[in-house]
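Below: input.txt (compact mmCIF, C-alpha atoms)
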```txt
# COMPACT_ATOMS: atom_id res chain seq x y z
CA MET A 1 -69.31 57.54 37.14
CA ASN A 2 -69.63 59.95 34.28
CA GLN A 3 -66.67 59.70 31.99
CA LYS A 4 -65.51 62.77 30.11
CA ARG A 5 -66.25 62.18 26.45
CA GLU A 6 -63.81 64.12 24.39
CA MET A 7 -62.37 63.08 21.06
CA VAL A 8 -59.29 64.87 19.80
CA VAL A 9 -59.36 64.66 16.03
CA LEU A 10 -56.00 64.80 14.31
CA THR A 11 -55.68 66.11 10.78
CA ASP A 12 -52.83 66.73 8.30
CA ILE A 13 -51.87 63.08 8.48
CA SER A 14 -50.67 60.55 5.91
CA LEU A 15 -50.46 56.78 5.89
CA ILE A 16 -47.27 55.21 4.60
CA THR A 17 -47.65 51.60 3.51
CA ALA A 18 -44.57 49.58 2.64
CA VAL A 19 -44.39 46.00 1.40
CA VAL A 20 -41.01 44.42 2.13
CA GLN A 21 -39.45 40.99 2.34
CA ARG A 22 -40.22 39.12 5.53
CA GLY A 23 -37.75 39.94 8.28
CA LYS A 24 -36.97 43.46 7.06
CA ALA A 25 -39.83 45.32 8.73
CA ASP A 26 -38.36 45.80 12.19
CA GLU A 27 -35.22 47.45 10.84
CA LEU A 28 -37.28 49.82 8.69
CA VAL A 29 -39.65 50.72 11.50
CA LYS A 30 -36.70 51.47 13.75
CA ALA A 31 -35.25 53.77 11.09
CA ALA A 32 -38.63 55.47 10.67
CA GLN A 33 -38.88 56.03 14.42
CA GLU A 34 -35.45 57.59 14.45
CA VAL A 35 -36.71 60.34 12.14
CA GLY A 36 -39.95 60.94 13.99
CA ALA A 37 -42.51 58.19 13.32
CA GLN A 38 -44.49 57.33 16.43
CA GLY A 39 -45.15 53.69 15.72
CA ALA A 40 -46.18 51.14 13.16
CA SER A 41 -48.25 48.06 12.62
CA ILE A 42 -46.91 45.15 10.65
CA HIS A 43 -48.71 42.18 9.17
CA TYR A 44 -47.60 39.28 7.05
CA SER A 45 -48.55 38.96 3.42
CA HIS A 46 -47.57 37.03 0.34
CA GLY A 47 -46.46 38.77 -2.81
CA ARG A 48 -45.38 37.94 -6.30
CA GLY A 49 -43.97 39.99 -9.10
CA VAL A 50 -40.29 40.51 -9.82
CA ARG A 51 -39.46 37.19 -8.15
CA GLU A 52 -41.15 35.27 -10.95
CA ARG A 53 -39.41 37.37 -13.61
CA LEU A 54 -35.90 36.87 -12.30
CA GLY A 55 -35.81 33.14 -13.05
CA ILE A 56 -33.29 31.28 -10.90
CA LEU A 57 -32.13 34.59 -9.38
CA GLY A 58 -35.65 35.01 -8.05
CA LEU A 59 -34.77 32.55 -5.31
CA ALA A 60 -32.94 35.44 -3.65
CA VAL A 61 -36.24 37.28 -3.26
CA GLU A 62 -38.36 36.24 -0.30
CA ALA A 63 -41.94 35.57 -1.45
CA GLU A 64 -43.32 36.02 2.04
CA LYS A 65 -43.70 39.69 2.77
CA GLU A 66 -44.29 42.04 5.63
CA THR A 67 -46.62 44.97 5.14
CA ILE A 68 -45.88 48.01 7.28
CA HIS A 69 -48.37 50.76 8.07
CA ILE A 70 -47.05 53.97 9.56
CA ILE A 71 -49.20 56.97 10.39
CA VAL A 72 -47.23 60.19 10.18
CA SER A 73 -47.98 63.89 10.11
CA SER A 74 -48.03 65.15 6.54
CA ASP A 75 -45.08 67.39 7.36
CA GLN A 76 -42.86 64.45 8.15
CA ALA A 77 -44.19 62.06 5.49
CA ASN A 78 -41.39 62.81 3.04
CA ARG A 79 -38.73 62.38 5.70
CA VAL A 80 -40.05 58.99 6.80
CA PHE A 81 -40.68 57.92 3.21
CA GLU A 82 -37.10 58.72 2.23
CA ILE A 83 -35.48 56.95 5.16
CA ILE A 84 -37.51 53.81 4.51
CA TYR A 85 -36.56 53.96 0.85
CA ARG A 86 -32.89 54.32 1.72
CA VAL A 87 -32.67 51.79 4.55
CA GLY A 88 -34.86 49.31 2.68
CA ASP A 89 -32.79 49.53 -0.52
CA PHE A 90 -35.96 50.10 -2.47
CA ASP A 91 -33.93 51.00 -5.55
CA THR A 92 -32.93 47.34 -5.79
CA PRO A 93 -35.42 45.15 -7.70
CA GLY A 94 -37.42 42.83 -5.45
CA MET A 95 -36.67 44.64 -2.19
CA GLY A 96 -40.14 46.10 -1.88
CA PHE A 97 -42.30 49.07 -2.66
CA MET A 98 -44.35 51.62 -0.78
CA TRP A 99 -46.94 54.32 -1.17
CA VAL A 100 -48.49 57.19 0.74
CA THR A 101 -52.24 57.63 1.03
CA PRO A 102 -54.13 60.60 2.43
CA VAL A 103 -55.83 60.36 5.80
CA GLU A 104 -58.72 62.72 6.47
CA LYS A 105 -58.62 62.39 10.22
CA ALA A 106 -57.35 60.19 12.99
CA ALA A 107 -58.08 59.74 16.68
CA THR A 108 -56.37 58.12 19.60
CA PHE A 109 -55.84 58.67 23.30
CA ILE A 110 -53.60 61.65 23.88
CA PRO A 111 -52.46 62.40 27.43
CA ASP A 112 -53.47 65.85 28.70
CA ASP A 113 -49.89 66.96 29.28
CA ILE A 114 -48.97 66.25 25.66
CA LEU A 115 -52.06 68.10 24.43
CA GLU A 116 -51.20 71.10 26.55
CA LYS A 117 -47.62 71.06 25.35
CA PHE A 118 -48.64 71.02 21.70
CA ALA A 119 -51.31 73.67 22.27
CA ARG A 120 -48.67 75.93 23.84
CA GLU A 121 -46.32 75.46 20.93
CA ASP A 122 -49.10 75.84 18.37
CA ARG A 123 -48.25 72.57 16.64
CA ARG A 124 -50.81 71.08 14.34
CA ASN A 125 -50.79 67.61 15.81
CA PRO A 126 -48.85 65.38 18.20
CA PHE A 127 -47.63 63.19 15.35
CA ASP A 128 -45.46 66.09 14.29
CA VAL A 129 -42.41 65.12 16.30
CA ARG A 130 -39.12 66.66 15.33
CA PRO A 131 -35.99 64.49 15.19
CA ASN A 132 -34.27 66.42 18.01
CA GLU A 133 -37.19 65.56 20.33
CA ILE A 134 -36.82 61.82 20.01
CA MET B 1 -70.99 43.02 -17.03
CA THR B 2 -72.88 45.75 -15.25
CA TYR B 3 -72.12 47.31 -11.96
CA HIS B 4 -73.63 50.11 -9.99
CA THR B 5 -71.57 53.02 -8.83
CA THR B 6 -72.37 54.02 -5.32
CA ARG B 7 -72.49 57.14 -3.23
CA PRO B 8 -69.10 58.28 -1.91
CA HIS B 9 -67.78 56.04 0.82
CA LYS B 10 -65.05 56.31 3.43
CA LEU B 11 -62.69 53.68 4.75
CA ILE B 12 -62.32 53.69 8.53
CA THR B 13 -59.42 51.71 9.98
CA ALA B 14 -59.01 50.98 13.67
CA ILE B 15 -55.82 49.43 15.04
CA LEU B 16 -56.86 47.83 18.33
CA PRO B 17 -55.25 45.65 20.97
CA LYS B 18 -56.05 42.04 20.10
CA GLY B 19 -59.27 40.91 21.73
CA ARG B 20 -61.27 44.10 21.29
CA ASP B 21 -62.19 43.36 17.69
CA GLN B 22 -64.91 40.70 17.97
CA GLU B 23 -67.14 42.66 20.34
CA LEU B 24 -66.75 45.78 18.20
CA VAL B 25 -67.61 43.97 14.98
CA HIS B 26 -70.61 42.33 16.64
CA ARG B 27 -71.93 45.73 17.66
CA LEU B 28 -71.22 47.31 14.27
CA VAL B 29 -73.24 44.55 12.63
CA ASN B 30 -76.10 44.37 15.11
CA GLU B 31 -76.45 47.96 16.29
CA LEU B 32 -75.44 49.93 13.21
CA GLY B 33 -76.30 47.34 10.54
CA ILE B 34 -72.90 47.49 8.88
CA ASN B 35 -71.79 44.40 6.97
CA SER B 36 -68.71 45.75 5.25
CA VAL B 37 -66.34 45.08 8.12
CA ASN B 38 -63.05 43.22 7.86
CA ILE B 39 -60.50 42.15 10.45
CA ASN B 40 -56.87 41.28 10.03
CA PHE B 41 -54.18 40.74 12.60
CA ALA B 42 -50.83 42.42 12.95
CA ARG B 43 -48.11 43.22 15.39
CA GLY B 44 -47.67 46.80 16.41
CA LEU B 45 -45.32 49.02 18.24
CA GLY B 46 -45.28 52.61 19.32
CA ARG B 47 -43.46 55.03 21.54
CA ILE B 48 -45.99 54.64 24.32
CA THR B 49 -46.84 50.94 24.55
CA PRO B 50 -47.71 48.81 27.57
CA LEU B 51 -44.52 46.81 27.04
CA ARG B 52 -42.20 49.74 26.48
CA HIS B 53 -40.43 49.17 29.79
CA ARG B 54 -39.20 45.85 28.39
CA GLY B 55 -37.20 47.62 25.71
CA VAL B 56 -37.46 49.64 22.53
CA GLY B 57 -39.10 47.75 19.71
CA GLU B 58 -41.26 45.53 21.89
CA THR B 59 -44.33 44.64 19.87
CA THR B 60 -47.85 43.69 20.87
CA GLU B 61 -50.57 41.85 18.99
CA LYS B 62 -53.09 44.02 17.20
CA ALA B 63 -56.37 43.53 15.43
CA ILE B 64 -56.98 45.86 12.51
CA VAL B 65 -60.66 46.48 11.83
CA THR B 66 -61.58 48.14 8.55
CA VAL B 67 -65.05 49.46 7.85
CA LEU B 68 -66.39 50.65 4.52
CA ILE B 69 -69.12 53.19 5.17
CA GLU B 70 -71.21 55.76 3.32
CA GLU B 71 -69.87 59.30 3.59
CA GLU B 72 -73.00 60.52 5.39
CA ARG B 73 -72.57 57.97 8.17
CA ALA B 74 -68.80 58.17 8.45
CA ASP B 75 -68.66 60.64 11.36
CA GLU B 76 -71.24 58.69 13.35
CA VAL B 77 -69.42 55.39 12.85
CA PHE B 78 -66.02 56.97 13.52
CA GLU B 79 -67.25 58.25 16.87
CA PHE B 80 -69.00 54.97 17.68
CA ILE B 81 -65.78 53.00 17.16
CA PHE B 82 -63.70 55.56 19.08
CA TYR B 83 -65.77 55.23 22.24
CA GLU B 84 -67.06 51.66 22.04
CA ALA B 85 -63.63 50.17 21.28
CA ASP B 86 -62.09 52.25 24.10
CA LEU B 87 -59.78 54.16 21.83
CA ASN B 88 -60.17 57.05 24.25
CA GLN B 89 -58.26 55.06 26.87
CA PRO B 90 -54.47 54.72 27.24
CA HIS B 91 -53.08 51.91 25.05
CA GLY B 92 -56.45 51.76 23.30
CA GLY B 93 -55.06 51.92 19.79
CA LEU B 94 -55.38 54.32 16.90
CA MET B 95 -58.01 54.89 14.24
CA PHE B 96 -58.17 56.88 11.05
CA GLN B 97 -60.44 57.64 8.12
CA GLN B 98 -59.52 57.75 4.45
CA PRO B 99 -61.31 58.90 1.31
CA LEU B 100 -61.97 56.40 -1.46
CA LEU B 101 -61.96 56.99 -5.20
CA ALA B 102 -64.32 54.12 -5.95
CA ASN B 103 -65.85 51.10 -4.29
CA THR B 104 -68.43 48.42 -4.83
CA MET B 105 -71.37 47.61 -2.63
CA PHE B 106 -71.17 44.55 -0.43
CA LYS B 107 -74.55 42.89 -0.31
CA ILE B 108 -75.08 39.69 1.56
CA PRO B 109 -77.94 37.30 0.84
CA ASP B 110 -81.05 37.40 3.05
CA ILE B 111 -80.22 34.44 5.22
CA GLU B 112 -81.01 34.34 8.91
CA GLU B 113 -77.90 34.43 11.05
CA GLU B 114 -77.39 31.31 13.13
CA GLU B 115 -77.40 31.78 16.89
```

Take the structure in the file and give it back as structure tokens.
Amino acid sequence: MNQKREMVVLTDISLITAVVQRGKADELVKAAQEVGAQGASIHYSHGRGVRERLGILGLAVEAEKETIHIIVSSDQANRVFEIIYRVGDFDTPGMGFMWVTPVEKAATFIPDDILEKFAREDRRNPFDVRPNEI
Amino acid sequence: MTYHTTRPHKLITAILPKGRDQELVHRLVNELGINSVNINFARGLGRITPLRHRGVGETTEKAIVTVLIEEERADEVFEFIFYEADLNQPHGGLMFQQPLLANTMFKIPDIEEEE
């Protein structure tokens, strides 16, 4: 059977990467989804930095980390970035840090009905979900 | 210390359901001759996941394959991964390509691979 070969390439996308203490990732991903993020991948990592500088107080900082990757449309990158910062208490030393990197293009399976919907509404890509649509 | 700057490269990342990674990497190495491939494992969640009916926040195991590739071959490799790793199928995962400011070459010694 001949399969239709069609790749929908998504542009105007950013990758948010956040490194947080182990156990915090799920809460942050949930907050990100509430403001429009579609999903996330999380892997474990081990970090060092402020923990070693805090002396005995460093014991309060978990050395085992979780690294979160979230792909978002560039339009919503600031919104997701800010909510993660706020929910993750990133202004507190040792809680974590994050960055945004550019993504040239992305591809995934997109159901036809979603494609048609976004084509009708002239949206740039299906990652651009508005909070009232969640 | 000397090092050689290289032609511009791209970083392609594919987030796949666990189990699709080994076959893909094997084909990238043997069919496209790419050695700069890395795999790490993660858990992932999305709005449309196979386990969504079990509740919001249900996660599944993922394999994240990253490929460092010359700019000229990036589109070819991107498309190869998209179709050969079944990213064009529901619950197939997500892939993306990023520019790099600098990178080093990864050259492996000329040793025959064991069967």

Go through chain B and flag each residue having an atom no more than 10 Å from chain A; for those, report the closest pair of atoms plus their distance in Å to one decimal, using all atoms listed in the file, ordered by chain and rising number, as a tab-separated table.
```
residue	atom	partner	partner_atom	distance
B:Lys10	CA	A:Glu104	CA	9.5
B:Leu11	CA	A:Val103	CA	9.6
B:Ile12	CA	A:Ala106	CA	9.3
B:Thr13	CA	A:Ala106	CA	9.2
B:Ala14	CA	A:Ala107	CA	9.3
B:Ile15	CA	A:Ser41	CA	8.1
B:Asn40	CA	A:His43	CA	8.3
B:Phe41	CA	A:His43	CA	6.6
B:Ala42	CA	A:His43	CA	4.3
B:Arg43	CA	A:Ile42	CA	5.3
B:Gly44	CA	A:Ser41	CA	4.0
B:Leu45	CA	A:Gly39	CA	5.3
B:Gly46	CA	A:Gly39	CA	3.8
B:Arg47	CA	A:Gln38	CA	5.7
B:Ile48	CA	A:Gln38	CA	8.5
B:Thr49	CA	A:Gly39	CA	9.4
B:Val56	CA	A:Lys30	CA	9.0
B:Gly57	CA	A:Lys30	CA	7.4
B:Thr59	CA	A:Ser41	CA	8.9
B:Thr60	CA	A:Ser41	CA	9.3
B:Glu61	CA	A:Ser41	CA	9.2
B:Lys62	CA	A:Ser41	CA	7.8
B:Ala63	CA	A:Ser41	CA	9.7
B:Ile64	CA	A:Ser41	CA	9.0
B:Phe78	CA	A:Ala107	CA	9.0
B:Glu79	CA	A:Met7	CA	8.0
B:Phe82	CA	A:Ala107	CA	7.4
B:Tyr83	CA	A:Arg5	CA	8.1
B:Asp86	CA	A:Phe109	CA	9.0
B:Leu87	CA	A:Thr108	CA	5.7
B:Asn88	CA	A:Phe109	CA	4.7
B:Gln89	CA	A:Phe109	CA	5.6
B:Pro90	CA	A:Phe109	CA	5.7
B:His91	CA	A:Phe109	CA	7.5
B:Gly92	CA	A:Phe109	CA	6.9
B:Gly93	CA	A:Thr108	CA	6.3
B:Leu94	CA	A:Thr108	CA	4.8
B:Met95	CA	A:Ala107	CA	5.4
B:Phe96	CA	A:Ala106	CA	3.9
B:Gln97	CA	A:Lys105	CA	5.5
B:Gln98	CA	A:Val103	CA	4.7
B:Pro99	CA	A:Glu104	CA	6.9
B:Leu100	CA	A:Pro102	CA	9.7
```

Contacts of stretch 88-90 of chain A at 10 Å (all atoms listed in the file; same-chain gap of 2+ positions) as a PyMOL selection string: chain A and resi 18+20-21+24-25+27-28+31+82-86+92-98

Nearest-residue call for B:Phe80, choices B:Leu24, B:Leu101, B:Leu16, B:Leu68, using only C-alpha atoms: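 Among B:Leu24, B:Leu101, B:Leu16, B:Leu68, it is B:Leu24 that comes nearest to B:Phe80.
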
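Distance annotation: of B:Val67, B:Glu76, B:His26, B:Arg20, the residue with the minimal separation from B:Asn38 is B:Val67; atom set is all atoms listed in the file.
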
Env of A:Glu64: 7 Å cut, atoms = only C-alpha atoms, seq-sep filter 4 positions within chain, self excluded. Answer as a tab-separated table (two decimals) with C-alpha atoms, in the frame of the given file.
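Final output, saved to around.tsv:
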```
chain	number	residue	atom	x	y	z
A	21	GLN	CA	-39.45	40.99	2.34
A	22	ARG	CA	-40.22	39.12	5.53
A	45	SER	CA	-48.55	38.96	3.42
A	46	HIS	CA	-47.57	37.03	0.34
A	47	GLY	CA	-46.46	38.77	-2.81
```
